[in-house]
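For reference, query.cif (mmCIF, C-alpha atoms):
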data_protein
loop_
_atom_site.label_atom_id
_atom_site.label_comp_id
_atom_site.auth_asym_id
_atom_site.auth_seq_id
_atom_site.Cartn_x
_atom_site.Cartn_y
_atom_site.Cartn_z
CA MET A 292 -77.17 31.22 28.34
CA LEU A 293 -80.58 29.61 28.22
CA LEU A 294 -82.49 32.88 27.93
CA ASN A 295 -81.67 35.98 25.94
CA GLU A 296 -81.21 39.46 27.34
CA VAL A 297 -84.83 40.61 26.77
CA ALA A 298 -86.18 37.54 28.54
CA ARG A 299 -83.88 37.85 31.52
CA THR A 300 -84.53 41.58 31.89
CA GLY A 301 -88.29 41.05 31.66
CA LEU A 302 -88.27 38.27 34.22
CA ARG A 303 -86.09 40.27 36.58
CA ILE A 304 -88.24 43.43 36.45
CA GLY A 305 -91.43 41.39 36.78
CA PHE A 306 -90.01 39.58 39.80
CA ARG A 307 -88.91 42.85 41.40
CA ARG A 308 -92.25 44.61 40.91
CA CYS A 309 -94.17 41.66 42.29
CA PHE A 310 -91.90 40.56 45.12
CA ALA A 311 -93.44 42.63 47.94
CA LEU A 312 -96.97 41.70 46.81
CA ALA A 313 -95.98 38.03 46.64
CA VAL A 314 -94.66 38.18 50.20
CA GLY A 315 -97.99 39.83 51.10
CA VAL A 316 -100.05 36.87 49.83
CA VAL A 317 -98.10 34.33 51.93
CA PRO A 318 -100.27 34.91 55.03
CA PHE A 319 -103.38 34.10 52.96
CA GLY A 320 -101.76 31.01 51.51
CA ILE A 321 -101.17 30.01 55.13
CA VAL A 322 -104.79 30.82 56.05
CA TYR A 323 -106.01 28.54 53.27
CA GLY A 324 -103.52 25.81 54.18
CA VAL A 325 -104.53 25.90 57.85
CA ALA A 326 -108.20 25.72 56.85
CA VAL A 327 -107.36 22.60 54.82
CA ALA A 328 -105.44 21.06 57.72
CA GLN A 329 -108.32 21.67 60.10
CA SER A 330 -111.00 20.45 57.68
CA SER A 331 -112.31 17.00 56.83
CA VAL A 332 -110.67 17.28 53.40
CA ASN A 333 -107.71 15.11 52.42
CA PRO A 334 -104.68 17.44 52.88
CA PHE A 335 -103.18 16.58 49.49
CA VAL A 336 -106.47 17.22 47.66
CA GLY A 337 -106.90 20.46 49.62
CA TYR A 338 -103.38 21.55 48.77
CA MET A 339 -103.90 20.77 45.07
CA ALA A 340 -106.58 23.48 44.89
CA GLY A 341 -103.64 25.92 44.99
CA PRO A 342 -102.14 24.91 41.65
CA LEU A 343 -105.50 23.86 40.13
CA VAL A 344 -107.52 26.98 40.94
CA PHE A 345 -104.88 29.56 41.94
CA ALA A 346 -107.40 32.13 43.18
CA GLY A 347 -107.21 32.44 46.96
CA ALA A 348 -110.52 33.99 47.98
CA SER A 349 -112.45 31.45 45.92
CA GLN A 350 -110.44 28.53 47.33
CA ILE A 351 -111.23 29.59 50.90
CA THR A 352 -114.92 30.09 50.02
CA LEU A 353 -115.17 26.70 48.32
CA LEU A 354 -113.65 24.96 51.33
CA GLU A 355 -115.91 26.79 53.80
CA LEU A 356 -119.02 25.94 51.80
CA TYR A 357 -117.94 22.31 51.40
CA GLU A 358 -117.38 22.02 55.14
CA SER A 359 -120.80 23.52 55.84
CA ASP A 360 -122.38 20.84 53.60
CA ALA A 361 -123.56 23.26 50.91
CA ALA A 362 -124.79 21.68 47.65
CA TRP A 363 -121.92 21.33 45.18
CA TYR A 364 -123.48 23.75 42.67
CA VAL A 365 -123.88 26.39 45.38
CA ALA A 366 -120.27 25.94 46.51
CA VAL A 367 -118.78 25.95 43.01
CA GLY A 368 -121.18 28.65 41.74
CA THR A 369 -120.46 31.04 44.60
CA SER A 370 -116.71 30.53 44.16
CA LEU A 371 -116.99 31.16 40.42
CA ILE A 372 -118.84 34.44 41.03
CA ILE A 373 -115.92 35.55 43.21
CA ASN A 374 -113.61 34.77 40.27
CA ALA A 375 -115.82 36.36 37.60
CA ARG A 376 -113.72 39.53 37.73
CA LEU A 377 -111.06 37.49 35.89
CA ILE A 378 -113.24 37.82 32.77
CA LEU A 379 -112.80 41.58 33.06
CA TYR A 380 -109.05 41.16 33.51
CA SER A 381 -109.03 38.90 30.46
CA ALA A 382 -110.66 41.75 28.51
CA ALA A 383 -108.22 44.31 29.89
CA LEU A 384 -105.23 42.14 28.89
CA ALA A 385 -106.65 41.09 25.50
CA PRO A 386 -105.10 43.96 23.49
CA SER A 387 -101.59 43.18 24.74
CA PHE A 388 -102.00 39.38 24.77
CA GLN A 389 -103.03 39.53 21.08
CA ASP A 390 -99.40 39.87 20.16
CA PHE A 391 -98.36 36.72 22.07
CA PRO A 392 -98.18 33.25 20.50
CA ARG A 393 -101.11 31.00 21.42
CA ARG A 394 -99.21 28.74 23.82
CA TRP A 395 -97.99 31.83 25.68
CA ARG A 396 -101.54 33.16 25.92
CA LEU A 397 -102.82 29.86 27.29
CA GLY A 398 -99.93 29.49 29.73
CA LEU A 399 -99.86 33.09 30.96
CA GLY A 400 -103.65 33.06 31.21
CA TYR A 401 -103.41 30.31 33.83
CA MET A 402 -101.39 32.67 36.05
CA MET A 403 -103.76 35.66 35.69
CA THR A 404 -104.30 37.37 39.06
CA ASP A 405 -105.22 40.83 40.37
CA GLN A 406 -101.54 41.47 40.97
CA ALA A 407 -100.06 40.19 37.68
CA THR A 408 -102.80 41.95 35.67
CA SER A 409 -102.52 45.37 37.27
CA LEU A 410 -98.71 45.37 37.47
CA SER A 411 -98.49 44.36 33.81
CA LEU A 412 -100.97 46.94 32.55
CA VAL A 413 -98.99 49.67 34.31
CA GLU A 414 -95.72 48.30 32.86
CA PHE A 415 -97.21 47.95 29.35
CA ARG A 416 -97.88 51.71 29.18
CA ASN A 417 -94.19 52.25 28.60
CA GLN A 418 -93.16 48.83 27.32
CA HIS A 419 -94.55 48.08 23.86
CA ASP A 420 -92.36 45.17 22.78
CA PRO A 421 -94.53 42.01 22.91
CA VAL A 422 -91.57 39.80 23.81
CA ALA A 423 -90.48 42.02 26.70
CA ARG A 424 -94.11 42.24 27.78
CA ARG A 425 -94.68 38.52 28.02
CA TRP A 426 -91.48 37.95 29.98
CA PHE A 427 -92.39 40.74 32.39
CA TYR A 428 -95.84 39.21 32.93
CA LEU A 429 -94.29 35.77 33.43
CA GLY A 430 -91.79 37.15 35.96
CA ALA A 431 -94.51 38.87 37.99
CA ALA A 432 -97.11 36.09 37.73
CA ALA A 433 -94.71 33.22 38.47
CA THR A 434 -93.38 35.06 41.53
CA LEU A 435 -96.88 35.40 42.93
CA TRP A 436 -97.68 31.78 42.03
CA THR A 437 -94.61 30.46 43.87
CA PHE A 438 -95.24 32.42 47.07
CA TRP A 439 -98.93 31.49 47.10
CA GLN A 440 -98.21 27.76 46.77
CA ALA A 441 -95.43 27.97 49.37
CA GLY A 442 -97.75 29.73 51.84
CA THR A 443 -100.41 27.07 51.33
CA LEU A 444 -97.88 24.30 51.89
CA VAL A 445 -96.65 25.91 55.12
CA GLY A 446 -100.24 26.22 56.34
CA VAL A 447 -101.16 22.61 55.51
CA LEU A 448 -98.02 21.28 57.19
CA ALA A 449 -98.00 23.59 60.22
CA GLY A 450 -101.75 23.41 60.86
CA THR A 451 -101.74 26.66 62.81
CA GLY A 452 -101.73 30.16 61.38
CA LEU A 453 -100.35 33.55 62.28
CA PRO A 454 -101.70 35.20 65.44
CA ASP A 455 -104.76 37.45 64.91
CA SER A 456 -102.90 40.30 66.64
CA LEU A 457 -100.73 40.67 63.50
CA GLN A 458 -103.87 41.84 61.63
CA PHE A 459 -102.91 40.28 58.33
CA GLU A 460 -106.53 40.72 57.21
CA PHE A 461 -105.58 44.35 56.64
CA MET A 462 -103.15 43.18 53.95
CA ILE A 463 -106.14 42.66 51.61
CA PRO A 464 -107.31 46.29 51.31
CA LEU A 465 -103.67 47.36 51.54
CA MET A 466 -102.58 45.25 48.59
CA PHE A 467 -105.45 46.46 46.41
CA THR A 468 -104.66 50.06 47.41
CA ALA A 469 -101.06 49.57 46.27
CA LEU A 470 -102.38 48.24 42.95
CA VAL A 471 -105.19 50.74 42.31
CA VAL A 472 -103.38 54.02 43.00
CA PRO A 473 -100.96 53.74 40.03
CA ALA A 474 -103.99 53.01 37.80
CA LEU A 475 -105.65 56.36 38.66
CA ARG A 476 -103.97 58.47 36.02
CA ASN A 477 -106.80 60.46 34.44
CA ARG A 478 -110.27 61.76 35.28
CA PRO A 479 -112.28 58.88 33.78
CA ALA A 480 -110.18 56.38 35.79
CA ILE A 481 -110.69 58.34 39.01
CA LEU A 482 -114.43 58.62 38.38
CA ALA A 483 -114.61 54.88 37.62
CA ALA A 484 -112.83 54.08 40.90
CA VAL A 485 -115.00 56.40 43.02
CA VAL A 486 -118.30 55.20 41.52
CA SER A 487 -117.18 51.59 41.78
CA ALA A 488 -116.30 51.95 45.48
CA LEU A 489 -119.61 53.67 46.29
CA VAL A 490 -121.72 51.11 44.43
CA THR A 491 -119.77 48.20 45.95
CA VAL A 492 -120.45 49.51 49.46
CA GLY A 493 -124.05 50.45 48.62
CA THR A 494 -124.75 46.93 47.36
CA GLY A 495 -122.92 45.27 50.27
CA PHE A 496 -126.11 43.43 51.21
CA MET A 497 -125.92 41.36 48.00
CA PRO A 498 -124.28 37.89 47.89
CA PRO A 499 -120.46 37.86 48.21
CA GLY A 500 -118.74 38.88 45.00
CA THR A 501 -121.85 40.19 43.23
CA ASN A 502 -121.50 43.62 44.85
CA ILE A 503 -117.93 43.80 43.52
CA LEU A 504 -119.16 43.05 40.00
CA ALA A 505 -121.98 45.62 40.38
CA GLY A 506 -119.47 48.23 41.51
CA ALA A 507 -117.00 47.42 38.75
CA PHE A 508 -119.63 47.62 36.00
CA ALA A 509 -121.05 50.88 37.36
CA GLY A 510 -117.53 52.32 37.50
CA ILE A 511 -116.61 51.22 34.00
CA ALA A 512 -119.91 52.60 32.62
CA THR A 513 -119.60 56.04 34.22
CA GLY A 514 -115.89 56.28 33.43
CA SER A 515 -116.62 55.41 29.79
CA ALA A 516 -119.42 57.96 29.68
CA LEU A 517 -117.01 60.63 30.90
CA THR A 518 -114.41 59.58 28.29
CA TRP A 519 -116.97 59.89 25.49
CA TRP A 520 -118.37 63.15 26.86
CA MET A 521 -114.89 64.70 27.05
CA ALA A 522 -114.12 63.53 23.51
CA SER A 523 -117.43 64.73 22.03
CA SER A 524 -117.50 68.06 23.87
CA GLY A 525 -114.13 68.72 22.27
CA THR A 526 -112.44 69.07 25.63
CA GLY A 527 -109.56 67.27 24.03
CA ASP A 528 -107.82 67.25 27.36
CA THR A 529 -108.58 63.91 28.93
CA GLY A 530 -106.88 65.01 32.09
CA SER A 531 -103.98 62.68 31.51
CA GLU A 532 -100.44 63.11 30.34
CA ASP A 533 -100.68 60.07 28.15
CA THR A 534 -103.73 58.48 26.57
CA GLY A 535 -102.21 55.10 27.22
CA VAL A 536 -103.73 53.60 24.06
CA GLU A 537 -102.09 50.27 23.32
CA GLU A 538 -100.55 50.73 19.92
CA SER A 539 -97.84 48.10 19.85
CA MET B 169 -119.83 15.57 45.22
CA SER B 170 -116.33 15.17 46.62
CA PHE B 171 -114.18 18.20 47.38
CA GLY B 172 -111.65 17.08 44.78
CA LEU B 173 -114.26 17.15 41.99
CA GLN B 174 -115.50 20.56 43.13
CA VAL B 175 -111.92 21.81 42.98
CA LEU B 176 -111.59 20.48 39.43
CA LEU B 177 -114.83 22.22 38.38
CA LEU B 178 -113.79 25.49 40.00
CA GLY B 179 -110.32 25.21 38.48
CA ALA B 180 -111.69 24.56 34.99
CA GLY B 181 -114.24 27.37 35.22
CA THR B 182 -111.68 29.82 36.57
CA TYR B 183 -109.22 28.96 33.79
CA LEU B 184 -111.95 29.52 31.18
CA PHE B 185 -112.66 32.94 32.74
CA ARG B 186 -108.97 33.81 32.52
CA ILE B 187 -108.51 32.93 28.86
CA SER B 188 -112.06 33.87 27.74
CA VAL B 189 -111.74 37.35 26.24
CA VAL B 190 -108.05 36.91 25.48
CA GLU B 191 -108.86 34.00 23.17
CA LEU B 192 -112.06 35.52 21.73
CA ALA B 193 -110.16 38.68 20.82
CA ALA B 194 -107.08 36.90 19.45
CA GLY B 195 -106.51 37.73 15.81
CA ARG B 196 -109.27 40.35 15.71
CA ASP B 197 -109.11 44.12 15.67
CA ILE B 198 -110.19 45.75 18.90
CA PRO B 199 -111.81 49.11 18.03
CA ALA B 200 -110.11 52.09 19.67
CA ARG B 201 -113.30 53.13 21.47
CA TYR B 202 -113.30 49.83 23.36
CA GLU B 203 -109.68 50.22 24.37
CA ALA B 204 -110.55 53.36 26.36
CA MET B 205 -113.18 51.31 28.18
CA LEU B 206 -110.82 48.37 28.77
CA GLN B 207 -108.38 50.72 30.47
CA LEU B 208 -111.02 51.52 33.06
CA ILE B 209 -111.23 47.89 34.17
CA PRO B 210 -108.27 47.87 36.60
CA PRO B 211 -109.24 51.08 38.44
CA ALA B 212 -112.91 49.99 38.67
CA VAL B 213 -112.30 46.37 39.77
CA LEU B 214 -109.44 47.12 42.16
CA SER B 215 -111.36 49.99 43.74
CA ALA B 216 -114.33 47.66 44.29
CA LEU B 217 -111.98 45.19 45.99
CA VAL B 218 -110.55 47.93 48.25
CA ALA B 219 -114.07 49.12 49.10
CA SER B 220 -115.37 45.67 49.90
CA SER B 221 -112.38 44.63 52.04
CA LEU B 222 -111.96 47.97 53.82
CA ALA B 223 -115.39 49.56 54.14
CA LEU B 224 -117.50 46.45 54.58
CA GLU B 225 -117.38 44.07 57.51
CA ASN B 226 -119.89 41.22 57.27
CA GLY B 227 -122.11 43.22 54.94
CA SER B 228 -122.30 46.45 56.96
CA ILE B 229 -120.06 49.53 57.09
CA ARG B 230 -116.89 49.10 59.13
CA PRO B 231 -116.88 51.59 62.04
CA PHE B 232 -114.27 54.34 61.93
CA GLY B 233 -111.02 53.09 63.47
CA PRO B 234 -107.37 52.10 62.87
CA TRP B 235 -108.08 50.43 59.51
CA TRP B 236 -109.55 53.62 58.03
CA VAL B 237 -106.66 55.80 59.18
CA ALA B 238 -104.04 53.24 58.09
CA ALA B 239 -105.77 52.98 54.69
CA ALA B 240 -105.62 56.77 54.28
CA ILE B 241 -101.92 56.79 55.15
CA SER B 242 -101.28 53.92 52.73
CA THR B 243 -103.09 55.73 49.91
CA VAL B 244 -100.82 58.75 50.37
CA VAL B 245 -97.72 56.51 50.42
CA ALA B 246 -98.90 54.66 47.29
CA ALA B 247 -99.49 57.96 45.47
CA LYS B 248 -96.11 59.42 46.52
CA THR B 249 -93.90 56.36 46.06
CA ARG B 250 -95.82 54.23 43.51
CA SER B 251 -94.08 51.37 45.29
CA ALA B 252 -95.99 48.32 46.48
CA ALA B 253 -93.20 47.45 48.94
CA TRP B 254 -93.39 50.84 50.66
CA THR B 255 -97.18 50.85 50.64
CA LEU B 256 -97.41 47.41 52.26
CA ALA B 257 -94.66 48.11 54.80
CA VAL B 258 -95.97 51.51 55.91
CA GLY B 259 -99.56 50.24 55.87
CA MET B 260 -98.91 47.26 58.12
CA VAL B 261 -96.74 49.22 60.58
CA SER B 262 -99.42 51.98 60.68
CA VAL B 263 -102.20 49.55 61.47
CA TRP B 264 -100.15 47.94 64.27
CA ILE B 265 -99.27 51.30 65.85
CA LEU B 266 -102.79 52.69 65.46
CA THR B 267 -104.36 49.58 66.96
CA ALA B 268 -102.01 49.78 69.95
CA LEU B 269 -102.86 53.46 70.49
CA TRP B 270 -106.60 53.40 69.72
#
What is this structure when it is put down as structure tokens?
Amino acid sequence: MLLNEVARTGLRIGFRRCFALAVGVVPFGIVYGVAVAQSSVNPFVGYMAGPLVFAGASQITLLELYESDAAWYVAVGTSLIINARLILYSAALAPSFQDFPRRWRLGLGYMMTDQATSLSLVEFRNQHDPVARRWFYLGAAATLWTFWQAGTLVGVLAGTGLPDSLQFEFMIPLMFTALVVPALRNRPAILAAVVSALVTVGTGFMPPGTNILAGAFAGIATGSALTWWMASSGTGDTGSEDTGVEES
Amino acid sequence: MSFGLQVLLLGAGTYLFRISVVELAAGRDIPARYEAMLQLIPPAVLSALVASSLALENGSIRPFGPWWVAAAISTVVAAKTRSAAWTLAVGMVSVWILTALW
């Protein structure tokens, strides 16, 4: 056997947790691929954005801005703002990634997505073994990676997407709903989510992506304030069954 | 600048975002008070992504309709089952049925 039991188990669970979400990103891989096929961009170069960037919303934005003759710094800058939430995910994963060897951190970092990050942080609450953790993350992240690239390839080759009547746009809020609900396990987390949603909507007039960052920071700040207030007022009860502190 | 070069810049920047805090924090102690804050990142960011994709449509509030009801149903399913597969399946079927009926 090439891989030991811990590795195989981790990969298998990661794959299983991520499979439905990975199927869910295929339509968006197709959307990006079709946009490439219908653009002025060389199809191979367009396709290579999948493996090189691996962040769907930003890939679509970059292509749209390029096609509308935006200045390169506007196109790249706007796309980077959409991806800036990855810095927050990097922070959220830092405590668990600390226990991984450097080449694992650099390799797994490449595959960091909304899905791999949130699935892993939920899994890591009950899984404290660094080796099992990194294999789980790899299983989930590689599954998503494969389906995303496959969807893009189908879109580039087929050149036509799924009919609008299938409403695959709805998959976006749906997927994030499936990811956020398991993360709402105590009062500070619920407050952070509610404030974040309200601020994101309230700042909807701001440039794409910046309202999401505004919402996220407002949510994290108010959630943190509630955590500290509950701790200092001696409430003791943080409203959660487990404090979830990473102590591995 | 060619699209290929823009892709390379975006890819490099995005990779740096991904490894940024992970590498800065590597080998250092993360104080416990920060860990409580770090745990609020997924609920805050994911909730912002739900809000922006569900409640906003081209910068203004999406009118009440099938998406809102299907999202409410999906939230209940996610809370009850904690399963992404069930949430996605029920959510998509709900939005198709609701759109047909609306």
Residues picked by the PyMOL selection byres ((chain A) within 7 of (chain B)) here, as a ChimeraX atom specification? /A:311-312,336,340,343-344,357,363,367,371,374-375,377-379,381-385,388-389,397,400-401,403,409,463-469,471-475,480,483-484,487-488,491-492,495-496,503,506-507,510-511,514-515,536
Which of A:Pro479, A:Gly315, A:Gly500, A:Gly493 sits closest to Leu517 (chain A) [using only C-alpha atoms]: A:Pro479
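Reported to one decimal place, the separation of CA of Ser456 (chain A) from CA of Ile373 (chain A) is 27.2 Å.
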Can you pull out the residues contacting region 429-433 of chain A? Cut-off 7 Å, using only C-alpha atoms, and skip same-chain residues under 3 positions away; I want them as an MDAnalysis selection string. chainID A and resid 301:303 305:306 308:309 399 402:403 407 425:426 436:437
Any idea what the distance is between CA of Pro454 (chain A) and CA of Thr352 (chain A)? 20.9 Å
Report, as JSON, the centre and edge lengths in Å (one decimal) of the axis-aligned box enclosing every listed atom of region 250-265 of chain B, padded by 8 Å on each side.
{"center_x": -97.7, "center_y": 50.7, "center_z": 54.7, "size_x": 25.0, "size_y": 23.0, "size_z": 38.3}
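Counting from CA of Gly442 (chain A), the distance to CA of Gln350 (chain A) is 13.5 Å.
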Have region 180-193 of chain B completed to N, CA and C atoms, please, and pass it along as a tab-separated table (two decimals), keeping the file's coordinate frame.
chain	number	residue	atom	x	y	z
B	180	ALA	N	-111.40	24.48	36.42
B	180	ALA	CA	-111.69	24.56	34.99
B	180	ALA	C	-112.45	25.84	34.65
B	181	GLY	N	-113.46	26.15	35.46
B	181	GLY	CA	-114.24	27.37	35.22
B	181	GLY	C	-113.39	28.61	35.33
B	182	THR	N	-112.54	28.65	36.34
B	182	THR	CA	-111.68	29.82	36.57
B	182	THR	C	-110.69	29.98	35.42
B	183	TYR	N	-110.16	28.87	34.93
B	183	TYR	CA	-109.22	28.96	33.79
B	183	TYR	C	-109.95	29.49	32.55
B	184	LEU	N	-111.19	29.02	32.33
B	184	LEU	CA	-111.95	29.52	31.18
B	184	LEU	C	-112.20	31.02	31.30
B	185	PHE	N	-112.50	31.49	32.53
B	185	PHE	CA	-112.66	32.94	32.74
B	185	PHE	C	-111.39	33.67	32.31
B	186	ARG	N	-110.25	33.13	32.75
B	186	ARG	CA	-108.97	33.81	32.52
B	186	ARG	C	-108.64	33.94	31.03
B	187	ILE	N	-108.90	32.87	30.28
B	187	ILE	CA	-108.51	32.93	28.86
B	187	ILE	C	-109.64	33.41	27.97
B	188	SER	N	-110.87	33.62	28.56
B	188	SER	CA	-112.06	33.87	27.74
B	188	SER	C	-111.89	34.99	26.72
B	189	VAL	N	-111.76	36.22	27.18
B	189	VAL	CA	-111.74	37.35	26.24
B	189	VAL	C	-110.43	37.38	25.47
B	190	VAL	N	-109.35	36.96	26.15
B	190	VAL	CA	-108.05	36.91	25.48
B	190	VAL	C	-108.15	36.06	24.22
B	191	GLU	N	-108.78	34.89	24.33
B	191	GLU	CA	-108.86	34.00	23.17
B	191	GLU	C	-109.92	34.45	22.16
B	192	LEU	N	-111.03	35.02	22.67
B	192	LEU	CA	-112.06	35.52	21.73
B	192	LEU	C	-111.52	36.67	20.89
B	193	ALA	N	-110.65	37.48	21.51
B	193	ALA	CA	-110.16	38.68	20.82
B	193	ALA	C	-108.94	38.37	19.96
